[in-house]
Amino acid sequence: MRGRLVSANPAEGERYYLRVFLSHVRGPTCFEDLYTVNNVLHTTFCKAALERGLIETDDNLSQCLTEASLYQFPGALRRLFATILIYCEPGDVRKLWDDHYNSLSEDYMRQCESVKRVQTMVLMDISIILQSMGKHLNEFDLPMNRPGVFFIDSPGGTGKTFLYKALLAEVRSHGHIALATASSGVAANNMPGGRTSHSRFKIPINLDNNSMCKINQQSGVAQLLRLAKIIIWDEASMANRQAVEAVDRTMQDITNVSLRFGGKIMILGGDFRQVLPVIIRGTRAQIVDASLRMSPLWSLIKKIRLTINMRALADPWFLDFLIRVGNGDEETIDESFVRIPDDMCIPYTDQDKSKNELINSIFPSLHINGGSSEYIISRAILSTKNESVDEINDQLIDSGLPPHYLRLKIGCPIILLRNIDPSNGLCNGTRLICRGFQMNVIDAEIAVGLHAGK
């Protein structure tokens, strides 16, 4: 009888080295016989083959990196190192890494004193290059660069948005890709380059426990997500947990990495004390079930809580009120409710008079300041009913037409309800000021955010 061995390519890694052993080592009875060389049990076929002299050493690869380090910058060396890992099949990757780590990390060493952080940044760069070539860092014997999924859980005014902007600026200043998303258009506009999460990840409207985002493997969006070094998702507490889980599955699929969110650094943020996921005609149990806290991901997310930044609270009287409530000095009703001080309230007399006083208190001298964008966007009246909103809007615009007519005037604030052009600031929730009208065109100016004034 005549047997035949299946051929193997060096790019196949351990399968190739096993094929080399089967061609040169006679009479092995188990895998341990192949792993053992000179009574030393090795952990991989590659190392065992290197010790037996069945494959060449990495001297020429090491010399290649040494020569390149004389005239190339560290960024180019990291790309060369990744190319060597994929196409040259080094026998001892860890030794190659140790021997040339100083050259690979020289630029980051000058910028940062933290040894651990420098190593993380170098590995992240190499990981991005490997992913662009269809490989992943965990396929090679390198120090593990573990991804992180974090949740910034803090009330409003504690500096979450400031932290996001600082992270985005830091990552982008090094030439890396950092993506900023949010569950609402208003929050997305507060971050440079922000997009709504549904727009960025193509999250389907109808979700279930097995949903995937509508992103094609060969699309530009998929390529962008593969290259992203960090992804920020603000107001994630408002998102349905199934949407977050769908993004997790999609990221693993397009990166071909079976780690949470495809091994990316994912920063979620929000406040569960505010708006929870909206479930149409949902019961309390259904709303709670849709919360991110009920997702299997929650137990794996590292929680970070920001302390209150008192300087973020612009109104001294409001800060004083919060301090009195926190100290227990403010008057309570039935020990369950805090009584709002009189200087924070408008006394109710009758509906029309009280409404007029409210408008005059929030929008003083409206006829003089109505043309100022800063004046208009710095104040707002909130109501529990749409009916009250329509009444106040009609009175402010001085329009007697029915609410199913859209009546606008120059200087009137409006809110966009669609993702028309998110990259240029036109997304769901963008606030604008009307500047002019034609028969078929509304001329409006973006009022807040990175694109304010456009």
# chains A, B, ... in the order shown; residues from 1 in each chain; ligands from 1
call {"tool": "residues_around", "arguments": {"residues": "Asp443 (chain A)", "least_positions_apart": "2", "cutoff": "12 Å", "atoms": "only C-alpha atoms", "output": "PDB file with C-alpha atoms, in the first residue's frame"}}
result
ATOM      1  CA  LEU A 408     -42.074  79.461  10.786  1.00  0.00           C
ATOM      2  CA  LYS A 409     -40.543  82.907  10.910  1.00  0.00           C
ATOM      3  CA  ILE A 410     -37.019  84.295  10.725  1.00  0.00           C
ATOM      4  CA  GLY A 411     -35.205  83.654  14.017  1.00  0.00           C
ATOM      5  CA  CYS A 412     -37.412  80.681  14.953  1.00  0.00           C
ATOM      6  CA  PRO A 413     -35.518  77.605  16.312  1.00  0.00           C
ATOM      7  CA  ILE A 414     -36.261  74.285  14.625  1.00  0.00           C
ATOM      8  CA  LEU A 432     -31.095  75.185  13.726  1.00  0.00           C
ATOM      9  CA  ILE A 433     -32.237  78.805  13.439  1.00  0.00           C
ATOM     10  CA  CYS A 434     -34.374  79.975  10.501  1.00  0.00           C
ATOM     11  CA  ARG A 435     -32.537  82.673   8.539  1.00  0.00           C
ATOM     12  CA  GLY A 436     -34.622  83.058   5.371  1.00  0.00           C
ATOM     13  CA  PHE A 437     -37.363  81.579   3.209  1.00  0.00           C
ATOM     14  CA  GLN A 438     -38.033  81.064  -0.476  1.00  0.00           C
ATOM     15  CA  MET A 439     -40.960  79.360  -2.163  1.00  0.00           C
ATOM     16  CA  ASN A 440     -39.345  75.918  -1.907  1.00  0.00           C
ATOM     17  CA  VAL A 441     -36.335  76.454   0.351  1.00  0.00           C
ATOM     18  CA  GLU A 445     -28.212  77.900  10.318  1.00  0.00           C
ATOM     19  CA  ILE A 446     -26.902  75.153  12.615  1.00  0.00           C
ATOM     20  CA  LYS A 454     -23.034  76.550   8.956  1.00  0.00           C
TER      21      LYS A 454
END
call {"tool": "residues_around", "arguments": {"residues": "Ile265 (chain A)", "least_positions_apart": "2", "cutoff": "12 Å", "atoms": "only C-alpha atoms", "output": "PyMOL selection string"}}
result
chain A and resi 120-121+124+145-151+167+171+177-179+225-233+248+251+259-263+267-268+301-302
call {"tool": "atom_distance", "arguments": {"atom1": "CA of Val115 (chain A)", "atom2": "CA of Ser132 (chain A)"}}
result
26.4 Å
call {"tool": "closest_residue", "arguments": {"among": "A:Thr83, A:Ser197, A:Thr250, A:Thr161", "to": "Asn216 (chain A)", "atoms": "only C-alpha atoms"}}
result
A:Thr250
call {"tool": "closest_residue", "arguments": {"among": "A:Val122, A:Arg200, A:Cys213, A:Lys116", "to": "His174 (chain A)", "atoms": "only C-alpha atoms"}}
result
A:Val122
call {"tool": "closest_residue", "arguments": {"among": "A:Asp343, A:Asp153, A:Glu391, A:Glu235", "to": "Asn356 (chain A)", "atoms": "only C-alpha atoms"}}
result
A:Glu391
call {"tool": "closest_residue", "arguments": {"among": "A:Ser62, A:Thr384, A:Ser127, A:Ser199", "to": "Leu96 (chain A)", "atoms": "only C-alpha atoms"}}
result
A:Ser62
call {"tool": "closest_residue", "arguments": {"among": "A:Tyr348, A:Tyr35, A:Tyr16, A:Phe272", "to": "Glu51 (chain A)", "atoms": "only C-alpha atoms"}}
result
A:Tyr35
call {"tool": "residues_around", "arguments": {"residues": "Asn60 (chain A)", "least_positions_apart": "5", "cutoff": "10 Å", "atoms": "only C-alpha atoms", "output": "PyMOL selection string"}}
result
chain A and resi 65-66+90
call {"tool": "select_by_dssp", "arguments": {"residues": "region 90-218 of chain A", "states": "helix (DSSP H, G or I)", "output": "number ranges by chain"}}
result
A: 93-104, 106-111, 115-132, 137-139, 160-173, 185-189, 197-201
call {"tool": "closest_residue", "arguments": {"among": "A:Val257, A:Ala182, A:Leu22, A:Leu80", "to": "Gly134 (chain A)", "atoms": "only C-alpha atoms"}}
result
A:Val257
call {"tool": "residues_around", "arguments": {"residues": "Cys46 (chain A)", "least_positions_apart": "4", "cutoff": "7 Å", "atoms": "only C-alpha atoms", "output": "PyMOL selection string"}}
result
chain A and resi 14+17+50+91
call {"tool": "atom_distance", "arguments": {"atom1": "CA of Ala82 (chain A)", "atom2": "CA of Ile126 (chain A)"}}
result
6.1 Å
call {"tool": "residues_around", "arguments": {"residues": "region 361-367 of chain A", "least_positions_apart": "4", "cutoff": "8 Å", "atoms": "only C-alpha atoms", "output": "count of residues only"}}
result
4
call {"tool": "residues_around", "arguments": {"residues": "Asn240 (chain A)", "least_positions_apart": "4", "cutoff": "8 Å", "atoms": "only C-alpha atoms", "output": "VMD selection string"}}
result
chain A and resid 244 277 to 278 290 to 292
